[in-house]
>>> print(open('target.txt').read())   # compact mmCIF, C-alpha atoms
# COMPACT_ATOMS: atom_id res chain seq x y z
CA MET A 185 0.00 0.00 0.00
CA LYS A 186 1.33 3.41 -0.93
CA LEU A 187 0.74 6.17 1.62
CA THR A 188 0.15 9.79 0.70
CA ARG A 189 2.56 12.43 1.95
CA LYS A 190 -0.10 13.61 4.41
CA GLU A 191 -0.56 10.10 5.79
CA VAL A 192 3.20 9.68 6.20
CA ALA A 193 3.44 12.96 8.12
CA ALA A 194 0.55 11.96 10.37
CA ALA A 195 2.18 8.60 11.12
CA ILE A 196 5.47 10.24 12.03
CA ALA A 197 3.71 12.79 14.23
CA ALA A 198 1.98 9.98 16.09
CA ALA A 199 5.36 8.41 16.71
CA GLY A 200 6.50 11.61 18.42
CA LEU A 201 8.92 12.69 15.72
CA LEU A 202 7.19 15.78 14.37
CA ALA A 203 9.21 18.91 15.02
CA TRP A 204 7.47 21.90 16.56
CA THR A 205 8.74 24.29 13.92
CA GLY A 206 6.24 24.51 11.12
CA GLY A 207 5.90 20.75 10.64
CA ALA A 208 9.54 20.12 9.69
CA LEU A 209 10.48 16.48 10.22
CA ALA A 210 13.56 15.47 12.17
CA GLN A 211 14.86 12.52 14.17
CA VAL A 212 15.15 14.72 17.26
CA GLN A 213 13.26 14.39 20.53
CA ARG A 214 11.83 17.75 21.56
CA VAL A 215 10.84 17.94 25.21
CA ALA A 216 9.50 20.68 27.49
CA TYR A 217 10.21 20.73 31.23
CA TYR A 218 8.20 22.95 33.55
CA GLY A 219 7.24 23.38 37.19
CA ILE A 220 4.09 21.81 38.57
CA GLY A 221 3.91 22.82 42.23
CA MET A 222 3.92 25.92 44.38
CA GLU A 223 7.24 27.35 43.31
CA MET A 224 8.69 29.99 41.04
CA SER A 225 9.57 27.62 38.27
CA VAL A 226 12.23 27.69 35.60
CA ALA A 227 11.04 26.10 32.35
CA SER A 228 13.18 24.79 29.52
CA VAL A 229 12.80 23.19 26.11
CA VAL A 230 15.47 20.71 25.02
CA HIS A 231 16.06 19.20 21.59
CA TRP A 232 17.78 15.85 22.15
CA ASP A 233 19.61 14.59 19.06
CA ALA A 234 20.51 11.03 20.03
CA ALA A 235 22.29 10.21 16.77
CA ALA A 236 24.72 13.09 17.12
CA GLY A 237 24.90 13.05 20.93
CA ARG A 238 24.08 16.76 20.87
CA ALA A 239 21.36 18.85 22.50
CA LYS A 240 20.02 22.39 22.29
CA GLU A 241 18.54 23.87 25.46
CA THR A 242 16.34 26.98 25.58
CA ASP A 243 15.30 28.70 28.80
CA ARG A 244 14.77 32.16 30.24
CA LEU A 245 18.43 33.07 29.62
CA GLY A 246 18.41 32.09 25.95
CA VAL A 247 19.67 29.26 23.76
CA ARG A 248 22.79 27.14 24.17
CA SER A 249 24.14 23.87 22.81
CA GLY A 250 26.35 21.08 24.02
CA SER A 251 27.08 17.38 23.95
CA TYR A 252 25.34 14.88 26.18
CA THR A 253 25.88 11.39 27.50
CA SER A 254 23.96 8.96 29.70
CA ASP A 255 25.12 8.63 33.29
CA GLY A 256 23.81 5.04 33.42
CA ASN A 257 21.21 5.95 36.02
CA GLY A 258 18.43 7.36 33.88
CA GLY A 259 20.10 10.75 33.54
CA ARG A 260 21.28 12.69 30.50
CA VAL A 261 24.31 14.84 31.30
CA LEU A 262 24.45 17.89 29.02
CA THR A 263 27.86 19.60 28.96
CA TYR A 264 27.62 23.09 27.54
CA ASP A 265 29.92 24.21 24.75
CA VAL A 266 30.16 27.54 26.59
CA PRO A 267 29.32 27.76 30.33
CA ILE A 268 26.36 29.84 31.50
CA THR A 269 27.92 32.71 33.43
CA THR A 270 26.01 34.95 35.79
CA SER A 271 27.20 37.15 38.63
CA VAL A 272 25.93 39.03 41.65
CA ASP A 273 27.54 41.71 43.81
CA GLN A 274 27.51 40.99 47.54
CA SER A 275 29.59 41.19 50.71
CA ASP A 276 32.31 38.59 51.15
CA ARG A 277 33.43 37.02 54.46
CA CYS A 278 35.52 40.13 55.25
CA GLY A 279 32.58 42.45 54.75
CA GLU A 280 34.04 43.81 51.51
CA TRP A 281 31.91 44.39 48.42
CA ALA A 282 32.82 41.82 45.76
CA THR A 283 31.41 39.90 42.81
CA LEU A 284 30.41 36.26 43.05
CA ARG A 285 30.54 34.65 39.59
CA ASP A 286 28.59 31.49 38.81
CA ASP A 287 29.84 29.39 35.89
CA GLN A 288 27.35 26.59 35.18
CA THR A 289 29.04 23.94 33.06
CA GLN A 290 26.56 21.03 33.05
CA VAL A 291 22.90 20.22 33.53
CA ILE A 292 21.54 16.74 34.31
CA TYR A 293 18.02 15.76 33.27
CA ARG A 294 17.01 12.60 35.12
CA ASP A 295 13.64 11.05 34.19
CA LEU A 296 11.80 9.47 37.11
CA ASP A 297 9.75 7.18 34.89
CA GLN A 298 9.86 5.63 31.43
CA ARG A 299 6.69 7.06 29.95
CA PRO A 300 7.37 8.31 26.39
CA ARG A 301 5.23 11.46 26.23
CA THR A 302 4.86 12.82 29.75
CA GLY A 303 6.22 12.22 33.22
CA LYS A 304 8.40 13.63 35.98
CA THR A 305 12.03 14.71 35.68
CA ILE A 306 14.50 16.16 38.16
CA VAL A 307 16.99 18.69 36.85
CA GLY A 308 20.35 19.20 38.52
CA VAL A 309 23.18 21.59 37.71
CA VAL A 310 26.96 21.46 38.03
CA GLY A 311 29.24 24.47 38.11
CA THR A 312 31.74 26.63 39.96
CA MET A 313 31.36 29.72 42.16
CA THR A 314 34.28 32.16 42.00
CA TRP A 315 34.92 35.36 43.95
CA VAL A 316 36.11 38.32 41.91
CA GLY A 317 37.61 41.09 44.03
CA GLY A 318 37.52 41.37 47.82
CA CYS A 319 39.58 39.35 50.26
CA ASP A 320 38.75 36.04 48.53
CA ASP A 321 39.58 37.19 45.01
CA GLY A 322 40.09 34.16 42.76
CA VAL A 323 38.82 31.59 45.26
CA SER A 324 36.61 29.01 43.51
CA GLU A 325 34.35 26.30 44.84
CA PRO A 326 32.58 23.64 42.75
CA TYR A 327 28.95 22.83 43.40
CA ALA A 328 26.34 20.33 42.25
CA THR A 329 22.59 20.10 42.85
CA ASP A 330 20.32 17.20 41.99
CA GLY A 331 16.99 19.05 41.86
CA ALA A 332 15.28 16.21 43.73
CA ASP A 333 13.30 18.62 45.90
CA ARG A 334 11.62 20.19 42.87
CA PRO A 335 10.72 17.67 40.18
CA ARG A 336 9.49 19.12 36.91
CA GLN A 337 6.80 17.93 34.58
CA ARG A 338 8.16 16.50 31.33
CA GLN A 339 6.13 16.66 28.14
CA SER A 340 7.03 15.78 24.57
CA LEU A 341 6.27 18.65 22.22
CA SER A 342 4.65 16.14 19.89
CA THR A 343 1.81 15.85 22.43
CA PRO A 344 -1.41 17.30 20.96
CA VAL A 345 -2.57 20.64 22.38
CA ASP A 346 -6.24 21.50 22.85
CA VAL A 347 -7.04 25.19 22.37
CA SER A 348 -10.50 24.62 20.89
CA ASP A 349 -11.96 26.77 23.68
CA LEU A 350 -10.21 29.92 22.41
CA VAL A 351 -13.15 30.97 20.28
CA ALA A 352 -14.45 34.48 19.60
CA GLY A 353 -15.11 36.34 22.86
CA THR A 354 -12.98 34.09 25.09
CA GLN A 355 -10.83 35.98 27.59
CA LEU A 356 -7.56 34.82 29.08
CA ALA A 357 -5.40 36.64 31.65
CA GLY A 358 -1.64 36.25 31.50
CA LEU A 359 -0.41 37.24 28.03
CA SER A 360 1.97 40.12 27.36
CA GLU A 361 2.47 42.52 24.46
CA GLU A 362 5.51 44.21 26.03
CA PRO A 363 9.04 43.64 24.68
CA ASP A 364 11.22 41.23 26.64
CA ASP A 365 13.38 43.87 28.36
CA ARG A 366 15.47 42.00 30.95
CA GLN A 367 16.80 45.21 32.52
CA LEU A 368 13.33 46.66 33.06
CA TYR A 369 11.50 43.36 33.70
CA PRO A 370 13.96 40.84 35.21
CA TYR A 371 11.09 38.53 36.21
CA GLY A 372 9.24 38.80 32.91
CA PRO A 373 7.23 41.47 31.09
CA PRO A 374 3.87 42.74 32.47
CA VAL A 375 0.79 40.75 31.51
CA ASP A 376 -2.80 41.63 30.74
CA THR A 377 -6.17 40.14 29.83
CA VAL A 378 -6.77 39.46 26.14
CA THR A 379 -9.92 38.73 24.18
CA PHE A 380 -9.70 36.28 21.29
CA SER A 381 -11.62 36.71 18.03
CA GLY A 382 -10.79 33.10 17.20
CA LEU A 383 -7.76 31.27 15.79
CA PRO A 384 -6.74 32.40 13.27
CA GLY A 385 -7.89 35.87 14.21
CA THR A 386 -6.75 38.54 16.64
CA VAL A 387 -6.03 39.00 20.33
CA ARG A 388 -7.03 42.34 21.85
CA PHE A 389 -5.30 43.56 25.01
CA GLU A 390 -7.59 45.09 27.61
CA ARG A 391 -5.41 47.96 28.86
CA SER A 392 -3.94 49.22 25.60
CA GLU A 393 -6.94 48.17 23.45
CA ARG A 394 -4.44 47.13 20.79
CA ALA A 395 -5.17 44.05 18.69
CA TYR A 396 -2.63 41.77 17.00
CA PRO A 397 -2.95 38.94 14.48
CA ALA A 398 -2.77 35.50 16.07
CA HIS A 399 -2.75 32.00 14.65
CA LEU A 400 -2.29 28.42 15.77
CA ARG A 401 0.67 26.50 14.43
CA GLN A 402 0.43 22.82 13.65
CA SER A 403 2.85 22.27 16.52
CA GLY A 404 0.36 23.67 19.05
CA TRP A 405 1.96 27.07 19.59
CA VAL A 406 -0.33 30.11 19.51
CA VAL A 407 1.69 32.87 17.84
CA MET A 408 0.94 36.59 18.15
CA GLU A 409 2.47 38.99 15.65
CA LEU A 410 3.70 41.85 17.86
CA PRO A 411 5.59 44.97 16.72
CA SER A 412 8.67 43.52 18.46
CA GLY A 413 8.29 40.25 16.53
CA PRO A 414 6.37 36.99 16.88
CA ARG A 415 5.65 35.75 20.41
CA ALA A 416 4.61 32.12 20.92
CA TYR A 417 2.51 30.54 23.68
CA ARG A 418 1.89 26.84 24.26
CA ARG A 419 -0.69 25.47 26.69
CA MET A 420 0.90 22.71 28.77
CA ALA A 421 -1.67 21.92 31.45
CA THR A 422 -5.03 22.99 32.86
CA ASP A 423 -6.67 22.29 36.21
CA ALA A 424 -10.45 22.65 36.32
CA ARG A 425 -10.40 22.46 40.13
CA ASN A 426 -8.58 25.75 40.60
CA GLY A 427 -8.69 27.35 37.14
CA ARG A 428 -4.91 27.24 36.70
CA GLU A 429 -3.45 27.05 33.22
CA ILE A 430 0.28 26.52 32.72
CA TRP A 431 1.69 27.91 29.47
CA LEU A 432 5.11 28.23 27.96
CA MET A 433 5.95 31.51 26.26
CA GLY A 434 8.85 32.83 24.23
CA ASP A 435 9.85 35.17 21.44
CA MET A 436 10.72 33.71 18.08
CA GLN A 437 13.29 34.40 15.40
CA GLY A 438 12.37 32.62 12.22
CA ASN A 439 11.01 29.29 13.36
CA GLU A 440 13.10 29.05 16.52
CA LEU A 441 12.51 30.22 20.07
CA LYS A 442 15.00 32.83 21.32
CA TRP A 443 14.04 32.13 24.94
CA VAL A 444 11.30 30.31 26.82
CA ASP A 445 9.62 30.83 30.17
CA GLN A 446 6.67 29.48 32.11
CA THR A 447 3.62 31.56 32.97
CA ASN A 448 0.34 31.09 34.81
CA MET A 449 -2.92 32.01 33.11
CA VAL A 450 -6.57 32.00 34.18
CA LYS A 451 -9.89 32.87 32.60
CA PRO A 452 -11.25 35.98 34.37
CA MET A 453 -14.63 35.90 36.08
CA ALA A 454 -17.01 38.83 35.69
CA GLY A 455 -17.42 40.81 38.90
CA ALA A 456 -14.45 39.18 40.65
CA SER A 457 -13.69 40.81 44.01
CA PHE A 458 -12.43 40.11 47.53
CA GLY A 459 -15.91 40.71 48.95
CA GLY A 460 -15.09 43.97 50.70
CA GLU A 461 -12.77 44.52 53.66
CA GLU A 462 -14.14 41.56 55.58
CA GLY A 463 -13.38 39.27 52.65
CA ALA A 464 -9.86 40.67 52.29
CA ALA A 465 -8.95 40.48 55.99
CA ARG A 466 -7.79 36.88 55.79
CA THR A 467 -4.59 34.83 55.81
CA TRP A 468 -3.32 34.37 52.25
CA ARG A 469 -0.64 31.93 51.06
CA SER A 470 0.96 32.61 47.69
CA SER A 471 1.29 29.99 44.97
CA PHE A 472 4.59 31.67 44.05
CA HIS A 473 7.67 31.38 46.20
CA ALA A 474 11.38 31.27 45.53
CA ASN A 475 12.38 28.87 48.31
CA GLY A 476 9.82 27.69 50.84
CA LEU A 477 6.38 29.17 51.57
CA PHE A 478 5.26 32.79 51.50
CA GLY A 479 2.14 34.75 52.36
CA PHE A 480 0.36 37.63 54.09
CA THR A 481 -2.04 37.95 56.99
CA LEU A 482 -4.28 41.00 56.64
CA PHE A 483 -5.93 42.07 59.90
CA PRO A 484 -9.27 43.91 60.16
CA ASP A 485 -7.54 47.02 61.61
CA HIS A 486 -5.47 47.34 58.39
CA THR A 487 -2.25 46.14 59.97
CA ALA A 488 -0.70 43.03 58.47
CA LYS A 489 2.29 40.76 58.45
CA ARG A 490 4.36 39.33 55.62
CA CYS A 491 5.71 35.85 56.33
CA ASP A 492 8.15 33.32 54.88
CA LYS A 493 8.78 29.71 55.85
CA PHE A 494 12.00 28.20 54.54
CA PRO A 495 12.63 24.44 54.15
CA ASP A 496 15.23 24.39 56.95
CA SER A 497 13.13 26.47 59.35
CA PRO A 498 10.54 24.92 61.71
CA SER A 499 8.52 28.12 61.94
CA TRP A 500 7.39 31.13 59.94
CA ILE A 501 9.52 34.29 59.89
CA CYS A 502 7.32 37.39 59.72
CA ASN A 503 7.76 41.11 59.10
CA PRO A 504 5.14 42.96 61.19
CA ASN A 505 5.84 46.37 59.62
CA VAL A 506 3.03 45.94 57.12
CA SER A 507 -0.26 47.71 56.43
CA TRP A 508 -2.98 47.34 53.82
CA ILE A 509 -5.92 49.18 52.30
CA LEU A 510 -8.79 48.25 50.01
CA ASP A 511 -8.85 50.65 47.06
CA MET A 512 -12.06 50.05 45.10
CA ASP A 513 -11.74 46.29 44.42
CA ASN A 514 -7.95 46.19 44.74
CA VAL A 515 -5.82 45.41 47.79
CA ALA A 516 -2.61 47.42 48.29
CA ILE A 517 -0.11 46.05 50.85
CA THR A 518 2.76 48.24 52.09
CA THR A 519 5.79 46.57 53.68
CA VAL A 520 8.50 48.62 55.41
CA PHE A 521 11.93 47.01 55.24
CA PRO A 522 15.04 48.38 57.00
CA ARG A 523 16.27 50.27 53.92
CA TYR A 524 13.25 50.56 51.65
CA THR A 525 9.49 50.23 51.31
CA ARG A 526 7.59 48.06 48.83
CA VAL A 527 3.93 48.16 47.83
CA ARG A 528 2.21 45.05 46.43
CA THR A 529 -1.14 45.43 44.66
CA TRP A 530 -3.71 42.71 44.03
CA GLU A 531 -6.35 43.08 41.32
CA PRO A 532 -8.98 40.31 41.64
CA LEU A 533 -9.47 38.09 38.59
CA ALA A 534 -11.35 34.95 39.61
CA ARG A 535 -12.22 32.74 42.56
CA TYR A 536 -12.11 28.94 42.58
CA GLY A 537 -12.95 27.52 46.02
CA ASN A 538 -10.34 28.97 48.37
CA LYS A 539 -8.07 30.05 45.50
CA GLN A 540 -8.20 33.81 44.84
CA TRP A 541 -6.67 34.69 41.48
CA VAL A 542 -5.18 38.16 41.03
CA PHE A 543 -3.05 40.33 38.87
CA GLU A 544 -0.27 41.39 41.21
CA THR A 545 2.51 43.94 41.00
CA GLU A 546 5.11 45.13 43.49
CA VAL A 547 7.03 48.39 43.38
CA TYR A 548 9.69 50.11 45.45
CA GLN A 549 8.42 53.29 47.07
CA ASN A 550 11.30 55.73 47.03
CA ALA A 551 11.97 58.51 49.52
CA ASP A 552 11.18 61.19 46.93
CA GLY A 553 7.73 59.71 46.32
CA SER A 554 8.63 58.03 43.05
CA THR A 555 8.33 54.30 42.43
CA SER A 556 10.39 51.71 40.59
CA PRO A 557 9.31 48.14 39.74
CA TYR A 558 10.27 45.12 41.83
CA PHE A 559 8.30 42.79 39.59
CA ALA A 560 5.91 43.60 36.77
CA ARG A 561 2.22 42.70 36.64
CA ARG A 562 1.77 38.92 36.73
CA VAL A 563 -0.95 36.33 37.34
CA ASN A 564 -0.90 34.56 40.69
CA TYR A 565 -3.31 32.91 43.08
CA TYR A 566 -3.45 33.07 46.86
CA GLU A 567 -4.92 30.31 48.96
CA ASP A 568 -7.40 31.59 51.55
CA LYS A 569 -6.23 29.98 54.81
CA GLY A 570 -9.05 31.43 56.88
CA PRO A 571 -9.95 34.53 58.92
CA SER A 572 -7.10 36.53 60.43
CA ALA A 573 -7.03 36.62 64.22
CA PRO A 574 -6.74 40.12 65.73
CA PRO A 575 -3.06 41.00 66.16
CA SER A 576 -1.62 40.89 69.66
CA ARG A 577 -0.01 44.28 70.18
>>> encode(input="target.txt", output="structure tokens")
Amino acid sequence: MKLTRKEVAAAIAAAGLLAWTGGALAQVQRVAYYGIGMEMSVASVVHWDAAAGRAKETDRLGVRSGSYTSDGNGGRVLTYDVPITTSVDQSDRCGEWATLRDDQTQVIYRDLDQRPRTGKTIVGVVGTMTWVGGCDDGVSEPYATDGADRPRQRQSLSTPVDVSDLVAGTQLAGLSEEPDDRQLYPYGPPVDTVTFSGLPGTVRFERSERAYPAHLRQSGWVVMELPSGPRAYRRMATDARNGREIWLMGDMQGNELKWVDQTNMVKPMAGASFGGEEGAARTWRSSFHANGLFGFTLFPDHTAKRCDKFPDSPSWICNPNVSWILDMDNVAITTVFPRYTRVRTWEPLARYGNKQWVFETEVYQNADGSTSPYFARRVNYYEDKGPSAPPSR
């Protein structure tokens, strides 16, 4: 029997060998890795070329290549052609201001199961920390992490994507039309609510009222044609219980991603609110955190506390120098730190059970009355942990 070209392509796609870029065929496994729990996740897309022993990894920092081998224990060790180098200025052990340089040389992707399309993977990194300047100038120390405490979801990019719900009139909160300016938006560009006219069609942003052409690629990526260039989004998971949608996003050059990140989205509910001051004066735990747990307790007298709980700490650590107000439907929380003040604003989007979805922003409040961004507008949910007890003061 002779198959048509279309039938051949369909058969290859079903086998998981259809590339995400415009339907080009290649013997390369393309896999996305993203966070699934309550953490600030780092997503990546890796093209594994088994025949060549080469891989291309794309994440928030960009694109890089390297060679990879199996470690014999279910892990693929990717050694970068050029290390990923980042640095931060901080005090050294002598109290001198110095630069701590991080040179990441390897990443290890270790699958926790043998399922071909989706499963769990832990991602560890190997590198060297080096002091530049200060009393420890030139001192280096190797490090290695296994990522076992934060497994990621693994999904083949040949997995079908269902976006049939994005019909005319559908709204989705969490997309961005802003350029990817890492200096201005180190945690990602500000997001907004869009209204779809269908796919293909347009997406119209609520704040700017600007509309852009959008279409669905065969690979499952929804691509918007922005003035800064094409931006692609891919729905990875949805949870009907809490409304959460996990998407990958990234800017494109030609048919390739220049970077990729993970973002939360939710469908807004009409009339969403906290239910007045009584509804806002609760204990709220964030779905985002960098390392541990994080949240606020808002008291009825408009005082509050901002609390963290780290993995190695048996108790919560709280900053009591916090106040809050309800401004129309929005909650504004002011936290006074020793050297600065920050204001976090919540704009209600939707409510699923005890999950309150919001747009949230946080800015530094400077002494001269001006503000500067800490993080740009993003989608997050807070878990309502119950009424706040009156503070003991």
>>> atom_distance(input="target.txt", atom1="atom CA of A:Arg214", atom2="atom CA of A:Ser342")
7.5 Å
>>> atom_distance(input="target.txt", atom1="atom CA of A:Gln211", atom2="atom CA of A:Glu241")
16.4 Å
>>> residues_near_point(input="target.txt", point="(-1.2, 52.0, 55.0)", cutoff="9 Å", atoms="all atoms listed in the file", output="list of chain:residue names")
A:His486, A:Thr487, A:Val506, A:Ser507, A:Trp508, A:Ile509, A:Ala516, A:Ile517, A:Thr518, A:Thr519
>>> residues_around(input="target.txt", residues="A:Phe494", least_positions_apart="4", cutoff="12 Å", atoms="only C-alpha atoms", output="list in words")
His473, Ala474, Asn475, Gly476, Leu477, Phe478, Pro498, Ser499, Trp500, Ile501 and Cys502 of chain A
>>> write_last_selection(input="target.txt", atoms="C-alpha atoms", output="CSV table (one decimal), in the frame of the given file")
chain,number,residue,atom,x,y,z
A,473,HIS,CA,7.7,31.4,46.2
A,474,ALA,CA,11.4,31.3,45.5
A,475,ASN,CA,12.4,28.9,48.3
A,476,GLY,CA,9.8,27.7,50.8
A,477,LEU,CA,6.4,29.2,51.6
A,478,PHE,CA,5.3,32.8,51.5
A,498,PRO,CA,10.5,24.9,61.7
A,499,SER,CA,8.5,28.1,61.9
A,500,TRP,CA,7.4,31.1,59.9
A,501,ILE,CA,9.5,34.3,59.9
A,502,CYS,CA,7.3,37.4,59.7
>>> residues_near_point(input="target.txt", point="(10.3, 26.8, 38.8)", cutoff="12 Å", atoms="all atoms listed in the file", output="ChimeraX atom specification")
/A:217-228,243-244,306-307,331,333-337,430,445-448,471-475
>>> write_last_selection(input="target.txt", atoms="C-alpha atoms", output="PDB file, in the frame of the given file")
ATOM      1  CA  TYR A 217      10.210  20.730  31.230  1.00  0.00           C
ATOM      2  CA  TYR A 218       8.200  22.950  33.550  1.00  0.00           C
ATOM      3  CA  GLY A 219       7.240  23.380  37.190  1.00  0.00           C
ATOM      4  CA  ILE A 220       4.090  21.810  38.570  1.00  0.00           C
ATOM      5  CA  GLY A 221       3.910  22.820  42.230  1.00  0.00           C
ATOM      6  CA  MET A 222       3.920  25.920  44.380  1.00  0.00           C
ATOM      7  CA  GLU A 223       7.240  27.350  43.310  1.00  0.00           C
ATOM      8  CA  MET A 224       8.690  29.990  41.040  1.00  0.00           C
ATOM      9  CA  SER A 225       9.570  27.620  38.270  1.00  0.00           C
ATOM     10  CA  VAL A 226      12.230  27.690  35.600  1.00  0.00           C
ATOM     11  CA  ALA A 227      11.040  26.100  32.350  1.00  0.00           C
ATOM     12  CA  SER A 228      13.180  24.790  29.520  1.00  0.00           C
ATOM     13  CA  ASP A 243      15.300  28.700  28.800  1.00  0.00           C
ATOM     14  CA  ARG A 244      14.770  32.160  30.240  1.00  0.00           C
ATOM     15  CA  ILE A 306      14.500  16.160  38.160  1.00  0.00           C
ATOM     16  CA  VAL A 307      16.990  18.690  36.850  1.00  0.00           C
ATOM     17  CA  GLY A 331      16.990  19.050  41.860  1.00  0.00           C
ATOM     18  CA  ASP A 333      13.300  18.620  45.900  1.00  0.00           C
ATOM     19  CA  ARG A 334      11.620  20.190  42.870  1.00  0.00           C
ATOM     20  CA  PRO A 335      10.720  17.670  40.180  1.00  0.00           C
ATOM     21  CA  ARG A 336       9.490  19.120  36.910  1.00  0.00           C
ATOM     22  CA  GLN A 337       6.800  17.930  34.580  1.00  0.00           C
ATOM     23  CA  ILE A 430       0.280  26.520  32.720  1.00  0.00           C
ATOM     24  CA  ASP A 445       9.620  30.830  30.170  1.00  0.00           C
ATOM     25  CA  GLN A 446       6.670  29.480  32.110  1.00  0.00           C
ATOM     26  CA  THR A 447       3.620  31.560  32.970  1.00  0.00           C
ATOM     27  CA  ASN A 448       0.340  31.090  34.810  1.00  0.00           C
ATOM     28  CA  SER A 471       1.290  29.990  44.970  1.00  0.00           C
ATOM     29  CA  PHE A 472       4.590  31.670  44.050  1.00  0.00           C
ATOM     30  CA  HIS A 473       7.670  31.380  46.200  1.00  0.00           C
ATOM     31  CA  ALA A 474      11.380  31.270  45.530  1.00  0.00           C
ATOM     32  CA  ASN A 475      12.380  28.870  48.310  1.00  0.00           C
TER      33      ASN A 475
END
>>> residues_around(input="target.txt", residues="stretch 531-546 of chain A", least_positions_apart="6", cutoff="10 Å", atoms="all atoms listed in the file", output="PyMOL selection string")
chain A and resi 357-358+374-377+424-428+449-458+468-471+511-518+555-570
>>> write_last_selection(input="target.txt", atoms="C-alpha atoms", output="mmCIF file, keeping the file's coordinate frame")
data_model
loop_
_atom_site.group_PDB
_atom_site.id
_atom_site.type_symbol
_atom_site.label_atom_id
_atom_site.label_comp_id
_atom_site.auth_asym_id
_atom_site.auth_seq_id
_atom_site.Cartn_x
_atom_site.Cartn_y
_atom_site.Cartn_z
ATOM 1 C CA ALA A 357 -5.400 36.640 31.650
ATOM 2 C CA GLY A 358 -1.640 36.250 31.500
ATOM 3 C CA PRO A 374 3.870 42.740 32.470
ATOM 4 C CA VAL A 375 0.790 40.750 31.510
ATOM 5 C CA ASP A 376 -2.800 41.630 30.740
ATOM 6 C CA THR A 377 -6.170 40.140 29.830
ATOM 7 C CA ALA A 424 -10.450 22.650 36.320
ATOM 8 C CA ARG A 425 -10.400 22.460 40.130
ATOM 9 C CA ASN A 426 -8.580 25.750 40.600
ATOM 10 C CA GLY A 427 -8.690 27.350 37.140
ATOM 11 C CA ARG A 428 -4.910 27.240 36.700
ATOM 12 C CA MET A 449 -2.920 32.010 33.110
ATOM 13 C CA VAL A 450 -6.570 32.000 34.180
ATOM 14 C CA LYS A 451 -9.890 32.870 32.600
ATOM 15 C CA PRO A 452 -11.250 35.980 34.370
ATOM 16 C CA MET A 453 -14.630 35.900 36.080
ATOM 17 C CA ALA A 454 -17.010 38.830 35.690
ATOM 18 C CA GLY A 455 -17.420 40.810 38.900
ATOM 19 C CA ALA A 456 -14.450 39.180 40.650
ATOM 20 C CA SER A 457 -13.690 40.810 44.010
ATOM 21 C CA PHE A 458 -12.430 40.110 47.530
ATOM 22 C CA TRP A 468 -3.320 34.370 52.250
ATOM 23 C CA ARG A 469 -0.640 31.930 51.060
ATOM 24 C CA SER A 470 0.960 32.610 47.690
ATOM 25 C CA SER A 471 1.290 29.990 44.970
ATOM 26 C CA ASP A 511 -8.850 50.650 47.060
ATOM 27 C CA MET A 512 -12.060 50.050 45.100
ATOM 28 C CA ASP A 513 -11.740 46.290 44.420
ATOM 29 C CA ASN A 514 -7.950 46.190 44.740
ATOM 30 C CA VAL A 515 -5.820 45.410 47.790
ATOM 31 C CA ALA A 516 -2.610 47.420 48.290
ATOM 32 C CA ILE A 517 -0.110 46.050 50.850
ATOM 33 C CA THR A 518 2.760 48.240 52.090
ATOM 34 C CA THR A 555 8.330 54.300 42.430
ATOM 35 C CA SER A 556 10.390 51.710 40.590
ATOM 36 C CA PRO A 557 9.310 48.140 39.740
ATOM 37 C CA TYR A 558 10.270 45.120 41.830
ATOM 38 C CA PHE A 559 8.300 42.790 39.590
ATOM 39 C CA ALA A 560 5.910 43.600 36.770
ATOM 40 C CA ARG A 561 2.220 42.700 36.640
ATOM 41 C CA ARG A 562 1.770 38.920 36.730
ATOM 42 C CA VAL A 563 -0.950 36.330 37.340
ATOM 43 C CA ASN A 564 -0.900 34.560 40.690
ATOM 44 C CA TYR A 565 -3.310 32.910 43.080
ATOM 45 C CA TYR A 566 -3.450 33.070 46.860
ATOM 46 C CA GLU A 567 -4.920 30.310 48.960
ATOM 47 C CA ASP A 568 -7.400 31.590 51.550
ATOM 48 C CA LYS A 569 -6.230 29.980 54.810
ATOM 49 C CA GLY A 570 -9.050 31.430 56.880
#
>>> closest_residue(input="target.txt", among="A:Asp276, A:Glu362, A:Glu325, A:Asp295", to="A:Arg260", atoms="all atoms listed in the file")
A:Asp295
>>> residues_around(input="target.txt", residues="A:Gly318", least_positions_apart="6", cutoff="10 Å", atoms="all atoms listed in the file", output="PyMOL selection string")
chain A and resi 275-284
>>> residues_around(input="target.txt", residues="A:Glu409", least_positions_apart="4", cutoff="9 Å", atoms="all atoms listed in the file", output="VMD selection string")
chain A and resid 396 to 399 413 to 416
>>> residues_around(input="target.txt", residues="A:Trp232", least_positions_apart="5", cutoff="9 Å", atoms="all atoms listed in the file", output="JSON list (two decimals) with C-alpha atoms, in the coordinates of the input")
[["chain", "number", "residue", "atom", "x", "y", "z"],
["A", 212, "VAL", "CA", 15.15, 14.72, 17.26],
["A", 213, "GLN", "CA", 13.26, 14.39, 20.53],
["A", 214, "ARG", "CA", 11.83, 17.75, 21.56],
["A", 215, "VAL", "CA", 10.84, 17.94, 25.21],
["A", 237, "GLY", "CA", 24.90, 13.05, 20.93],
["A", 238, "ARG", "CA", 24.08, 16.76, 20.87],
["A", 239, "ALA", "CA", 21.36, 18.85, 22.50],
["A", 240, "LYS", "CA", 20.02, 22.39, 22.29],
["A", 241, "GLU", "CA", 18.54, 23.87, 25.46],
["A", 252, "TYR", "CA", 25.34, 14.88, 26.18]]
>>> closest_residue(input="target.txt", among="A:Ala395, A:Tyr369, A:Val272, A:Ser412", to="A:Val547", atoms="only C-alpha atoms")
A:Tyr369
>>> closest_residue(input="target.txt", among="A:Thr329, A:Tyr417, A:Thr270, A:Val347", to="A:Met313", atoms="only C-alpha atoms")
A:Thr270
>>> closest_residue(input="target.txt", among="A:Leu510, A:Ser271, A:Leu432, A:Ser497", to="A:Gly459", atoms="all atoms listed in the file")
A:Leu510
